[in-house]
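Asker: Provided herewith: upload_18.pdb, PDB, C-alpha atoms.
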ATOM      1  CA  MET E   1       3.781  -3.847  -4.482  1.00  0.00           C
ATOM      2  CA  THR E   2       6.373  -6.606  -4.378  1.00  0.00           C
ATOM      3  CA  GLN E   3       6.290  -9.148  -7.182  1.00  0.00           C
ATOM      4  CA  PRO E   4       6.263 -12.773  -6.040  1.00  0.00           C
ATOM      5  CA  ILE E   5       9.421 -14.801  -6.708  1.00  0.00           C
ATOM      6  CA  SER E   6       7.503 -17.353  -8.788  1.00  0.00           C
ATOM      7  CA  ARG E   7       4.047 -18.382  -9.896  1.00  0.00           C
ATOM      8  CA  PHE E   8       4.853 -21.757  -8.321  1.00  0.00           C
ATOM      9  CA  ALA E   9       5.530 -22.784  -4.728  1.00  0.00           C
ATOM     10  CA  VAL E  10       8.618 -21.263  -3.095  1.00  0.00           C
ATOM     11  CA  PRO E  11       9.723 -23.267  -0.050  1.00  0.00           C
ATOM     12  CA  ASP E  12      11.218 -21.733   3.049  1.00  0.00           C
ATOM     13  CA  ILE E  13      15.002 -22.143   3.007  1.00  0.00           C
ATOM     14  CA  ALA E  14      14.900 -23.681   6.490  1.00  0.00           C
ATOM     15  CA  THR E  15      12.796 -26.592   5.182  1.00  0.00           C
ATOM     16  CA  LEU E  16      15.164 -27.540   2.346  1.00  0.00           C
ATOM     17  CA  PRO E  17      17.482 -30.555   2.335  1.00  0.00           C
ATOM     18  CA  ASP E  18      20.878 -29.791   3.862  1.00  0.00           C
ATOM     19  CA  ASP E  19      22.806 -29.811   0.569  1.00  0.00           C
ATOM     20  CA  MET E  20      20.421 -27.349  -1.075  1.00  0.00           C
ATOM     21  CA  ARG E  21      20.325 -25.079   1.944  1.00  0.00           C
ATOM     22  CA  ALA E  22      24.142 -25.086   2.086  1.00  0.00           C
ATOM     23  CA  MET E  23      24.339 -24.147  -1.602  1.00  0.00           C
ATOM     24  CA  ILE E  24      21.890 -21.269  -1.174  1.00  0.00           C
ATOM     25  CA  VAL E  25      23.647 -19.981   1.942  1.00  0.00           C
ATOM     26  CA  ALA E  26      27.027 -20.104   0.143  1.00  0.00           C
ATOM     27  CA  VAL E  27      25.616 -18.046  -2.746  1.00  0.00           C
ATOM     28  CA  GLN E  28      24.081 -15.589  -0.288  1.00  0.00           C
ATOM     29  CA  GLU E  29      27.378 -15.190   1.562  1.00  0.00           C
ATOM     30  CA  LYS E  30      29.277 -14.600  -1.685  1.00  0.00           C
ATOM     31  CA  SER E  31      26.818 -12.181  -3.313  1.00  0.00           C
ATOM     32  CA  GLY E  32      25.064 -10.653  -0.316  1.00  0.00           C
ATOM     33  CA  PHE E  33      21.613 -11.847  -1.435  1.00  0.00           C
ATOM     34  CA  VAL E  34      19.828 -14.985  -2.640  1.00  0.00           C
ATOM     35  CA  PRO E  35      19.165 -14.890  -6.392  1.00  0.00           C
ATOM     36  CA  ASN E  36      15.493 -15.589  -7.011  1.00  0.00           C
ATOM     37  CA  ILE E  37      16.246 -18.502  -9.348  1.00  0.00           C
ATOM     38  CA  PHE E  38      17.581 -20.533  -6.410  1.00  0.00           C
ATOM     39  CA  LEU E  39      14.402 -20.038  -4.433  1.00  0.00           C
ATOM     40  CA  ALA E  40      12.108 -20.576  -7.417  1.00  0.00           C
ATOM     41  CA  LEU E  41      13.691 -23.893  -8.409  1.00  0.00           C
ATOM     42  CA  ALA E  42      13.956 -25.206  -4.834  1.00  0.00           C
ATOM     43  CA  HIS E  43      10.445 -26.674  -4.825  1.00  0.00           C
ATOM     44  CA  ARG E  44      11.710 -29.543  -7.038  1.00  0.00           C
ATOM     45  CA  PRO E  45      14.882 -30.795  -5.288  1.00  0.00           C
ATOM     46  CA  ALA E  46      15.993 -33.339  -7.925  1.00  0.00           C
ATOM     47  CA  GLU E  47      15.580 -30.771 -10.703  1.00  0.00           C
ATOM     48  CA  PHE E  48      17.267 -28.071  -8.607  1.00  0.00           C
ATOM     49  CA  ARG E  49      20.314 -30.290  -8.126  1.00  0.00           C
ATOM     50  CA  ALA E  50      20.454 -31.317 -11.797  1.00  0.00           C
ATOM     51  CA  PHE E  51      19.987 -27.740 -13.016  1.00  0.00           C
ATOM     52  CA  PHE E  52      22.747 -26.274 -10.879  1.00  0.00           C
ATOM     53  CA  ALA E  53      25.112 -29.207 -11.447  1.00  0.00           C
ATOM     54  CA  TYR E  54      24.877 -28.694 -15.216  1.00  0.00           C
ATOM     55  CA  HIS E  55      24.992 -24.899 -14.846  1.00  0.00           C
ATOM     56  CA  ASP E  56      28.186 -25.121 -12.815  1.00  0.00           C
ATOM     57  CA  ALA E  57      29.738 -27.695 -15.171  1.00  0.00           C
ATOM     58  CA  LEU E  58      29.205 -25.290 -18.081  1.00  0.00           C
ATOM     59  CA  MET E  59      29.847 -21.930 -16.461  1.00  0.00           C
ATOM     60  CA  ASP E  60      32.582 -22.535 -13.871  1.00  0.00           C
ATOM     61  CA  LYS E  61      35.276 -24.001 -16.140  1.00  0.00           C
ATOM     62  CA  ASP E  62      38.690 -22.397 -16.305  1.00  0.00           C
ATOM     63  CA  GLU E  63      39.727 -23.947 -19.627  1.00  0.00           C
ATOM     64  CA  GLY E  64      38.510 -23.066 -23.104  1.00  0.00           C
ATOM     65  CA  LEU E  65      36.134 -20.127 -23.265  1.00  0.00           C
ATOM     66  CA  SER E  66      36.756 -17.376 -20.743  1.00  0.00           C
ATOM     67  CA  ARG E  67      34.200 -16.880 -18.011  1.00  0.00           C
ATOM     68  CA  ALA E  68      33.272 -13.543 -19.598  1.00  0.00           C
ATOM     69  CA  GLU E  69      32.706 -15.241 -22.978  1.00  0.00           C
ATOM     70  CA  ARG E  70      30.462 -17.801 -21.298  1.00  0.00           C
ATOM     71  CA  GLU E  71      28.370 -15.017 -19.741  1.00  0.00           C
ATOM     72  CA  MET E  72      28.291 -13.195 -23.077  1.00  0.00           C
ATOM     73  CA  ILE E  73      26.627 -16.240 -24.657  1.00  0.00           C
ATOM     74  CA  VAL E  74      24.047 -16.307 -21.860  1.00  0.00           C
ATOM     75  CA  VAL E  75      23.238 -12.611 -22.197  1.00  0.00           C
ATOM     76  CA  ALA E  76      23.010 -12.680 -26.010  1.00  0.00           C
ATOM     77  CA  THR E  77      20.807 -15.765 -26.213  1.00  0.00           C
ATOM     78  CA  SER E  78      18.678 -14.742 -23.231  1.00  0.00           C
ATOM     79  CA  GLY E  79      18.055 -11.428 -24.968  1.00  0.00           C
ATOM     80  CA  LEU E  80      16.928 -13.318 -28.075  1.00  0.00           C
ATOM     81  CA  ASN E  81      14.659 -15.452 -25.873  1.00  0.00           C
ATOM     82  CA  ARG E  82      13.328 -12.345 -24.091  1.00  0.00           C
ATOM     83  CA  CYS E  83      14.274 -13.602 -20.657  1.00  0.00           C
ATOM     84  CA  GLN E  84      14.469 -10.538 -18.445  1.00  0.00           C
ATOM     85  CA  TYR E  85      15.759 -12.458 -15.424  1.00  0.00           C
ATOM     86  CA  CYS E  86      18.700 -14.036 -17.245  1.00  0.00           C
ATOM     87  CA  VAL E  87      19.605 -10.851 -19.132  1.00  0.00           C
ATOM     88  CA  VAL E  88      19.644  -8.830 -15.912  1.00  0.00           C
ATOM     89  CA  ALA E  89      21.320 -11.446 -13.678  1.00  0.00           C
ATOM     90  CA  HIS E  90      23.907 -12.677 -16.180  1.00  0.00           C
ATOM     91  CA  GLY E  91      24.364  -9.154 -17.495  1.00  0.00           C
ATOM     92  CA  ALA E  92      25.592  -8.217 -14.036  1.00  0.00           C
ATOM     93  CA  ILE E  93      27.994 -11.151 -14.015  1.00  0.00           C
ATOM     94  CA  LEU E  94      29.176 -10.286 -17.549  1.00  0.00           C
ATOM     95  CA  ARG E  95      29.891  -6.681 -16.549  1.00  0.00           C
ATOM     96  CA  ILE E  96      31.959  -7.917 -13.611  1.00  0.00           C
ATOM     97  CA  ARG E  97      33.830 -10.648 -15.496  1.00  0.00           C
ATOM     98  CA  ALA E  98      34.524  -8.482 -18.559  1.00  0.00           C
ATOM     99  CA  LYS E  99      35.343  -5.468 -16.345  1.00  0.00           C
ATOM    100  CA  ASN E 100      33.170  -3.435 -18.711  1.00  0.00           C
ATOM    101  CA  PRO E 101      30.062  -1.598 -17.447  1.00  0.00           C
ATOM    102  CA  LEU E 102      28.655  -1.185 -20.987  1.00  0.00           C
ATOM    103  CA  ILE E 103      29.021  -4.607 -22.562  1.00  0.00           C
ATOM    104  CA  ALA E 104      25.999  -6.414 -21.101  1.00  0.00           C
ATOM    105  CA  ASP E 105      23.445  -3.877 -22.301  1.00  0.00           C
ATOM    106  CA  GLN E 106      25.006  -3.828 -25.762  1.00  0.00           C
ATOM    107  CA  VAL E 107      25.080  -7.616 -26.049  1.00  0.00           C
ATOM    108  CA  ALA E 108      21.545  -8.054 -24.721  1.00  0.00           C
ATOM    109  CA  VAL E 109      19.937  -5.569 -27.089  1.00  0.00           C
ATOM    110  CA  ASN E 110      21.943  -6.184 -30.271  1.00  0.00           C
ATOM    111  CA  TRP E 111      25.288  -7.923 -29.978  1.00  0.00           C
ATOM    112  CA  ARG E 112      26.053  -7.055 -33.632  1.00  0.00           C
ATOM    113  CA  LYS E 113      26.410  -3.393 -32.615  1.00  0.00           C
ATOM    114  CA  ALA E 114      28.514  -4.121 -29.518  1.00  0.00           C
ATOM    115  CA  ALA E 115      32.255  -3.494 -29.325  1.00  0.00           C
ATOM    116  CA  LEU E 116      33.289  -7.144 -29.763  1.00  0.00           C
ATOM    117  CA  SER E 117      36.274  -8.953 -31.241  1.00  0.00           C
ATOM    118  CA  ASP E 118      35.922 -10.990 -34.434  1.00  0.00           C
ATOM    119  CA  ARG E 119      36.247 -14.127 -32.287  1.00  0.00           C
ATOM    120  CA  GLN E 120      33.352 -13.025 -30.051  1.00  0.00           C
ATOM    121  CA  ARG E 121      31.228 -12.206 -33.112  1.00  0.00           C
ATOM    122  CA  ALA E 122      31.823 -15.703 -34.514  1.00  0.00           C
ATOM    123  CA  MET E 123      30.931 -17.185 -31.112  1.00  0.00           C
ATOM    124  CA  LEU E 124      27.679 -15.231 -30.822  1.00  0.00           C
ATOM    125  CA  THR E 125      26.711 -15.885 -34.451  1.00  0.00           C
ATOM    126  CA  PHE E 126      26.872 -19.590 -33.675  1.00  0.00           C
ATOM    127  CA  ALA E 127      25.176 -19.237 -30.265  1.00  0.00           C
ATOM    128  CA  GLU E 128      22.312 -17.369 -31.908  1.00  0.00           C
ATOM    129  CA  LYS E 129      21.903 -20.137 -34.480  1.00  0.00           C
ATOM    130  CA  VAL E 130      21.833 -22.732 -31.693  1.00  0.00           C
ATOM    131  CA  ALA E 131      19.180 -20.686 -29.877  1.00  0.00           C
ATOM    132  CA  LEU E 132      16.953 -19.948 -32.862  1.00  0.00           C
ATOM    133  CA  ALA E 133      17.725 -22.360 -35.708  1.00  0.00           C
ATOM    134  CA  ALA E 134      19.734 -25.331 -34.457  1.00  0.00           C
ATOM    135  CA  ASP E 135      18.230 -27.535 -37.142  1.00  0.00           C
ATOM    136  CA  ARG E 136      20.134 -25.472 -39.735  1.00  0.00           C
ATOM    137  CA  ILE E 137      23.612 -25.840 -38.235  1.00  0.00           C
ATOM    138  CA  ASP E 138      25.943 -27.246 -40.862  1.00  0.00           C
ATOM    139  CA  ASP E 139      29.586 -27.735 -41.825  1.00  0.00           C
ATOM    140  CA  ALA E 140      29.955 -24.054 -42.738  1.00  0.00           C
ATOM    141  CA  ASP E 141      29.066 -23.050 -39.174  1.00  0.00           C
ATOM    142  CA  HIS E 142      31.706 -25.365 -37.733  1.00  0.00           C
ATOM    143  CA  ALA E 143      34.262 -24.189 -40.303  1.00  0.00           C
ATOM    144  CA  ALA E 144      33.619 -20.542 -39.356  1.00  0.00           C
ATOM    145  CA  LEU E 145      34.264 -21.339 -35.700  1.00  0.00           C
ATOM    146  CA  ALA E 146      37.438 -23.248 -36.512  1.00  0.00           C
ATOM    147  CA  ALA E 147      38.624 -20.296 -38.617  1.00  0.00           C
ATOM    148  CA  ALA E 148      37.974 -18.029 -35.620  1.00  0.00           C
ATOM    149  CA  GLY E 149      40.221 -20.256 -33.511  1.00  0.00           C
ATOM    150  CA  PHE E 150      37.680 -22.273 -31.538  1.00  0.00           C
ATOM    151  CA  SER E 151      38.485 -25.859 -30.569  1.00  0.00           C
ATOM    152  CA  ALA E 152      35.903 -28.640 -30.838  1.00  0.00           C
ATOM    153  CA  ASP E 153      35.449 -28.517 -27.039  1.00  0.00           C
ATOM    154  CA  GLU E 154      34.820 -24.768 -27.172  1.00  0.00           C
ATOM    155  CA  VAL E 155      32.258 -25.232 -29.952  1.00  0.00           C
ATOM    156  CA  TRP E 156      30.500 -27.805 -27.770  1.00  0.00           C
ATOM    157  CA  ASP E 157      30.520 -25.348 -24.858  1.00  0.00           C
ATOM    158  CA  ILE E 158      29.040 -22.548 -26.987  1.00  0.00           C
ATOM    159  CA  ALA E 159      26.230 -24.863 -28.081  1.00  0.00           C
ATOM    160  CA  ALA E 160      25.684 -26.330 -24.618  1.00  0.00           C
ATOM    161  CA  ILE E 161      25.505 -22.904 -22.948  1.00  0.00           C
ATOM    162  CA  ALA E 162      23.054 -21.558 -25.552  1.00  0.00           C
ATOM    163  CA  ALA E 163      20.931 -24.705 -25.273  1.00  0.00           C
ATOM    164  CA  PHE E 164      20.982 -24.870 -21.477  1.00  0.00           C
ATOM    165  CA  PHE E 165      19.952 -21.254 -21.149  1.00  0.00           C
ATOM    166  CA  GLY E 166      17.176 -21.839 -23.680  1.00  0.00           C
ATOM    167  CA  LEU E 167      15.768 -24.246 -21.085  1.00  0.00           C
ATOM    168  CA  SER E 168      16.443 -21.788 -18.276  1.00  0.00           C
ATOM    169  CA  ASN E 169      14.876 -18.863 -20.180  1.00  0.00           C
ATOM    170  CA  ARG E 170      11.728 -20.841 -20.828  1.00  0.00           C
ATOM    171  CA  LEU E 171      11.362 -21.997 -17.219  1.00  0.00           C
ATOM    172  CA  VAL E 172      11.986 -18.502 -15.870  1.00  0.00           C
ATOM    173  CA  ASN E 173       9.459 -16.961 -18.266  1.00  0.00           C
ATOM    174  CA  THR E 174       6.880 -19.645 -17.451  1.00  0.00           C
ATOM    175  CA  ALA E 175       7.316 -19.105 -13.715  1.00  0.00           C
ATOM    176  CA  ASP E 176       7.473 -15.304 -14.117  1.00  0.00           C
ATOM    177  CA  ILE E 177      10.607 -15.065 -11.946  1.00  0.00           C
ATOM    178  CA  PRO E 178      11.710 -11.425 -11.544  1.00  0.00           C
ATOM    179  CA  PRO E 179      15.360 -10.394 -11.361  1.00  0.00           C
ATOM    180  CA  ASN E 180      16.599  -9.386  -7.929  1.00  0.00           C
ATOM    181  CA  GLU E 181      16.984  -5.622  -7.661  1.00  0.00           C
ATOM    182  CA  GLU E 182      20.606  -6.105  -6.561  1.00  0.00           C
ATOM    183  CA  PHE E 183      21.581  -7.355 -10.035  1.00  0.00           C
ATOM    184  CA  TYR E 184      20.740  -4.055 -11.736  1.00  0.00           C
ATOM    185  CA  LEU E 185      23.612  -2.116 -10.183  1.00  0.00           C
ATOM    186  CA  LEU E 186      26.342  -4.780 -10.077  1.00  0.00           C
ATOM    187  CA  GLY E 187      29.332  -3.991 -12.269  1.00  0.00           C
ATOM    188  CA  ARG E 188      27.960  -0.637 -13.441  1.00  0.00           C
ATOM    189  CA  VAL E 189      30.728   1.471 -11.958  1.00  0.00           C
ATOM    190  CA  PRO E 190      34.284   0.308 -12.762  1.00  0.00           C
ATOM    191  CA  ARG E 191      36.462  -0.275  -9.705  1.00  0.00           C
TER     192      ARG E 191
END
Could you take the file, read its structure, and then write that structure out as structure tokens?
Answerer:
Amino acid sequence: MTQPISRFAVPDIATLPDDMRAMIVAVQEKSGFVPNIFLALAHRPAEFRAFFAYHDALMDKDEGLSRAEREMIVVATSGLNRCQYCVVAHGAILRIRAKNPLIADQVAVNWRKAALSDRQRAMLTFAEKVALAADRIDDADHAALAAAGFSADEVWDIAAIAAFFGLSNRLVNTADIPPNEEFYLLGRVPR
């Protein structure tokens, strides 16, 4: 039995506006499949565009946090939020970007037991607080990040990624979007 992509309407790609269809086709050409999140969000074009514009603004930067660190934040906070889709999908991307087939599982289950640097531990400590107790963030949290070598822009990115994926985790869980099977094997065997 195949699980539906979403509890909500999933439009046919051929019926989508040109810009959305082009984005989905580009992702399919790059990865070899269409991640279910693209199809599940496509029924609300304005939200689809806003979601992916902010996603790309946060996750596709080349300055500040590394791309692997950005994915590490997603995997850690998505694990805390119990979002299977984001843990599996971004876990695959983390394995690829970190060139480490073990890291995603470790970070998703309990990042405190993962083989991480002190800098990464400081980053995930703060990301976890953003995800679970943002109302308690204080000067000591910012001082700890500064001591770990993070710039103000990097601190903003840590918070923004954790917050954005809190939204994503909640939408995915509400819509019951399953991870694509392809994600499970990506980055498992080092090249």
Asker: Starting from the displayed file, determine the output of the PyMOL selection byres ((chain E and resi 127) around 7) and express the residue list as a ChimeraX atom specification.
Answerer: /E:73,77,123-126,128-131,158-159,162
Asker: By how many Å are atom CA of E:Asn180 and atom CA of E:Pro101 apart?
Answerer: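 Atom-to-atom, atom CA of E:Asn180 and atom CA of E:Pro101 are spaced 18.2 Å apart.
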Asker: Would you give the centre and edge lengths, in Å to one decimal, of a box along x, y and z around the listed atoms of stretch 15-24 of chain E, with 3 Å added to each side, as JSON?
Answerer:
{"center_x": 18.6, "center_y": -25.9, "center_z": 1.8, "size_x": 17.5, "size_y": 15.3, "size_z": 12.8}
Asker: When you draw a straight line from atom CA of E:Leu65 to atom CA of E:Ala160, how long is it in Å?
Answerer: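 We find that atom CA of E:Leu65 and atom CA of E:Ala160 lie 12.2 Å from each other.
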Asker: In Å, with one decimal, what is the gap from atom CA of E:Ala53 to atom CA of E:Glu182?
Answerer: 24.0 Å
Asker: For the point (40.8, -24.6, -21.4) in the file's frame, write as a list in words all residues with an atom no more than 10 Å away, counting only C-alpha atoms.
Answerer: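 Those residues, ordered by chain and then number, are Lys61, Asp62, Glu63, Gly64, Leu65, Ser66, Ser151, Asp153 and Glu154 of chain E.
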Asker: Smallest atom-to-atom distance to E:Ala46: which of E:Leu16, E:Val25, E:Val109, E:Ile161, using only C-alpha atoms?
Answerer: E:Leu16
Asker: Closest to E:Ile103 among E:Gly187, E:Glu47, E:Ala148, E:Ala143, using all atoms listed in the file?
Answerer: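 Once distances to E:Ile103 are computed over all atoms listed in the file, the minimum belongs to E:Gly187.
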Asker: Enumerate, as a PyMOL selection string, the residues matched when the PyMOL selection byres ((chain E and resi 108) around 12) is run on the file above.
Answerer: chain E and resi 71-92+94-95+102-107+109-114+124+128
Asker: Using all atoms listed in the file, find the one residue out of E:Pro179, E:Arg97, E:Asp157, E:Arg170 that sits nearest to E:Tyr54.
Answerer: E:Asp157
Asker: Considering only C-alpha atoms, can you say which of E:Arg70, E:Lys99, E:Arg49, E:Arg121 comes closest to E:Pro17?
Answerer: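 Ranking E:Arg70, E:Lys99, E:Arg49, E:Arg121 by distance to E:Pro17, first place goes to E:Arg49.
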Asker: Rank E:Leu145, E:Ala50, E:Ile13, E:Leu167 by their smallest atom-to-atom distance to E:Val34, using all atoms listed in the file, and report the top residue only.
Answerer: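 Selected residue with least distance to E:Val34: E:Ile13.
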Asker: When distances are computed from only C-alpha atoms, which of E:Arg119, E:Arg136, E:Arg188, E:Arg7 shows the smallest separation from E:His43?
Answerer: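 Smallest distance to E:His43 is found for E:Arg7.
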Asker: Since the input is missing atoms for stretch 14-45 of chain E, could you rebuild it with N, CA and C atoms and give the result as a PDB file, keeping the file's coordinate frame?
Answerer:
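Just written: rebuild-v3.pdb:
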ATOM      1  N   ALA E  14      14.685 -22.833   5.313  1.00  0.00           N
ATOM      2  CA  ALA E  14      14.900 -23.681   6.490  1.00  0.00           C
ATOM      3  C   ALA E  14      14.349 -25.092   6.303  1.00  0.00           C
ATOM      4  N   THR E  15      13.407 -25.270   5.390  1.00  0.00           N
ATOM      5  CA  THR E  15      12.796 -26.592   5.182  1.00  0.00           C
ATOM      6  C   THR E  15      13.503 -27.410   4.101  1.00  0.00           C
ATOM      7  N   LEU E  16      14.495 -26.857   3.454  1.00  0.00           N
ATOM      8  CA  LEU E  16      15.164 -27.540   2.346  1.00  0.00           C
ATOM      9  C   LEU E  16      16.139 -28.595   2.830  1.00  0.00           C
ATOM     10  N   PRO E  17      16.436 -29.581   1.992  1.00  0.00           N
ATOM     11  CA  PRO E  17      17.482 -30.555   2.335  1.00  0.00           C
ATOM     12  C   PRO E  17      18.809 -29.834   2.591  1.00  0.00           C
ATOM     13  N   ASP E  18      19.634 -30.427   3.431  1.00  0.00           N
ATOM     14  CA  ASP E  18      20.878 -29.791   3.862  1.00  0.00           C
ATOM     15  C   ASP E  18      21.756 -29.332   2.707  1.00  0.00           C
ATOM     16  N   ASP E  19      21.916 -30.176   1.669  1.00  0.00           N
ATOM     17  CA  ASP E  19      22.806 -29.811   0.569  1.00  0.00           C
ATOM     18  C   ASP E  19      22.295 -28.587  -0.192  1.00  0.00           C
ATOM     19  N   MET E  20      20.996 -28.498  -0.373  1.00  0.00           N
ATOM     20  CA  MET E  20      20.421 -27.349  -1.075  1.00  0.00           C
ATOM     21  C   MET E  20      20.529 -26.088  -0.225  1.00  0.00           C
ATOM     22  N   ARG E  21      20.233 -26.226   1.042  1.00  0.00           N
ATOM     23  CA  ARG E  21      20.325 -25.079   1.944  1.00  0.00           C
ATOM     24  C   ARG E  21      21.764 -24.573   1.992  1.00  0.00           C
ATOM     25  N   ALA E  22      22.731 -25.483   2.049  1.00  0.00           N
ATOM     26  CA  ALA E  22      24.142 -25.086   2.086  1.00  0.00           C
ATOM     27  C   ALA E  22      24.528 -24.350   0.803  1.00  0.00           C
ATOM     28  N   MET E  23      24.040 -24.804  -0.330  1.00  0.00           N
ATOM     29  CA  MET E  23      24.339 -24.147  -1.602  1.00  0.00           C
ATOM     30  C   MET E  23      23.770 -22.727  -1.624  1.00  0.00           C
ATOM     31  N   ILE E  24      22.534 -22.587  -1.180  1.00  0.00           N
ATOM     32  CA  ILE E  24      21.890 -21.269  -1.174  1.00  0.00           C
ATOM     33  C   ILE E  24      22.587 -20.324  -0.206  1.00  0.00           C
ATOM     34  N   VAL E  25      22.950 -20.814   0.958  1.00  0.00           N
ATOM     35  CA  VAL E  25      23.647 -19.981   1.942  1.00  0.00           C
ATOM     36  C   VAL E  25      25.012 -19.555   1.397  1.00  0.00           C
ATOM     37  N   ALA E  26      25.718 -20.451   0.717  1.00  0.00           N
ATOM     38  CA  ALA E  26      27.027 -20.104   0.143  1.00  0.00           C
ATOM     39  C   ALA E  26      26.886 -19.002  -0.909  1.00  0.00           C
ATOM     40  N   VAL E  27      25.857 -19.088  -1.738  1.00  0.00           N
ATOM     41  CA  VAL E  27      25.616 -18.046  -2.746  1.00  0.00           C
ATOM     42  C   VAL E  27      25.275 -16.729  -2.059  1.00  0.00           C
ATOM     43  N   GLN E  28      24.463 -16.799  -1.026  1.00  0.00           N
ATOM     44  CA  GLN E  28      24.081 -15.589  -0.288  1.00  0.00           C
ATOM     45  C   GLN E  28      25.308 -14.939   0.360  1.00  0.00           C
ATOM     46  N   GLU E  29      26.179 -15.739   0.930  1.00  0.00           N
ATOM     47  CA  GLU E  29      27.378 -15.190   1.562  1.00  0.00           C
ATOM     48  C   GLU E  29      28.304 -14.542   0.540  1.00  0.00           C
ATOM     49  N   LYS E  30      28.396 -15.134  -0.637  1.00  0.00           N
ATOM     50  CA  LYS E  30      29.277 -14.600  -1.685  1.00  0.00           C
ATOM     51  C   LYS E  30      28.722 -13.329  -2.311  1.00  0.00           C
ATOM     52  N   SER E  31      27.404 -13.307  -2.583  1.00  0.00           N
ATOM     53  CA  SER E  31      26.818 -12.181  -3.313  1.00  0.00           C
ATOM     54  C   SER E  31      26.130 -11.151  -2.422  1.00  0.00           C
ATOM     55  N   GLY E  32      25.774 -11.558  -1.217  1.00  0.00           N
ATOM     56  CA  GLY E  32      25.064 -10.653  -0.316  1.00  0.00           C
ATOM     57  C   GLY E  32      23.556 -10.765  -0.414  1.00  0.00           C
ATOM     58  N   PHE E  33      23.053 -11.626  -1.286  1.00  0.00           N
ATOM     59  CA  PHE E  33      21.613 -11.847  -1.435  1.00  0.00           C
ATOM     60  C   PHE E  33      21.404 -13.221  -2.070  1.00  0.00           C
ATOM     61  N   VAL E  34      20.157 -13.705  -2.026  1.00  0.00           N
ATOM     62  CA  VAL E  34      19.828 -14.985  -2.640  1.00  0.00           C
ATOM     63  C   VAL E  34      19.164 -14.707  -3.989  1.00  0.00           C
ATOM     64  N   PRO E  35      19.807 -15.069  -5.090  1.00  0.00           N
ATOM     65  CA  PRO E  35      19.165 -14.890  -6.392  1.00  0.00           C
ATOM     66  C   PRO E  35      17.838 -15.653  -6.448  1.00  0.00           C
ATOM     67  N   ASN E  36      16.837 -15.007  -6.988  1.00  0.00           N
ATOM     68  CA  ASN E  36      15.493 -15.589  -7.011  1.00  0.00           C
ATOM     69  C   ASN E  36      15.427 -16.950  -7.692  1.00  0.00           C
ATOM     70  N   ILE E  37      16.284 -17.213  -8.649  1.00  0.00           N
ATOM     71  CA  ILE E  37      16.246 -18.502  -9.348  1.00  0.00           C
ATOM     72  C   ILE E  37      16.473 -19.663  -8.382  1.00  0.00           C
ATOM     73  N   PHE E  38      17.323 -19.467  -7.385  1.00  0.00           N
ATOM     74  CA  PHE E  38      17.581 -20.533  -6.410  1.00  0.00           C
ATOM     75  C   PHE E  38      16.313 -20.854  -5.623  1.00  0.00           C
ATOM     76  N   LEU E  39      15.618 -19.834  -5.204  1.00  0.00           N
ATOM     77  CA  LEU E  39      14.402 -20.038  -4.433  1.00  0.00           C
ATOM     78  C   LEU E  39      13.288 -20.619  -5.305  1.00  0.00           C
ATOM     79  N   ALA E  40      13.181 -20.131  -6.528  1.00  0.00           N
ATOM     80  CA  ALA E  40      12.108 -20.576  -7.417  1.00  0.00           C
ATOM     81  C   ALA E  40      12.255 -22.038  -7.836  1.00  0.00           C
ATOM     82  N   LEU E  41      13.480 -22.500  -7.996  1.00  0.00           N
ATOM     83  CA  LEU E  41      13.691 -23.893  -8.409  1.00  0.00           C
ATOM     84  C   LEU E  41      13.715 -24.866  -7.231  1.00  0.00           C
ATOM     85  N   ALA E  42      13.787 -24.353  -6.013  1.00  0.00           N
ATOM     86  CA  ALA E  42      13.956 -25.206  -4.834  1.00  0.00           C
ATOM     87  C   ALA E  42      12.760 -26.104  -4.538  1.00  0.00           C
ATOM     88  N   HIS E  43      11.612 -25.837  -5.118  1.00  0.00           N
ATOM     89  CA  HIS E  43      10.445 -26.674  -4.825  1.00  0.00           C
ATOM     90  C   HIS E  43      10.528 -28.049  -5.495  1.00  0.00           C
ATOM     91  N   ARG E  44      11.510 -28.250  -6.374  1.00  0.00           N
ATOM     92  CA  ARG E  44      11.710 -29.543  -7.038  1.00  0.00           C
ATOM     93  C   ARG E  44      13.170 -29.949  -6.819  1.00  0.00           C
ATOM     94  N   PRO E  45      13.490 -30.535  -5.652  1.00  0.00           N
ATOM     95  CA  PRO E  45      14.882 -30.795  -5.288  1.00  0.00           C
ATOM     96  C   PRO E  45      15.718 -31.543  -6.334  1.00  0.00           C
TER      97      PRO E  45
END
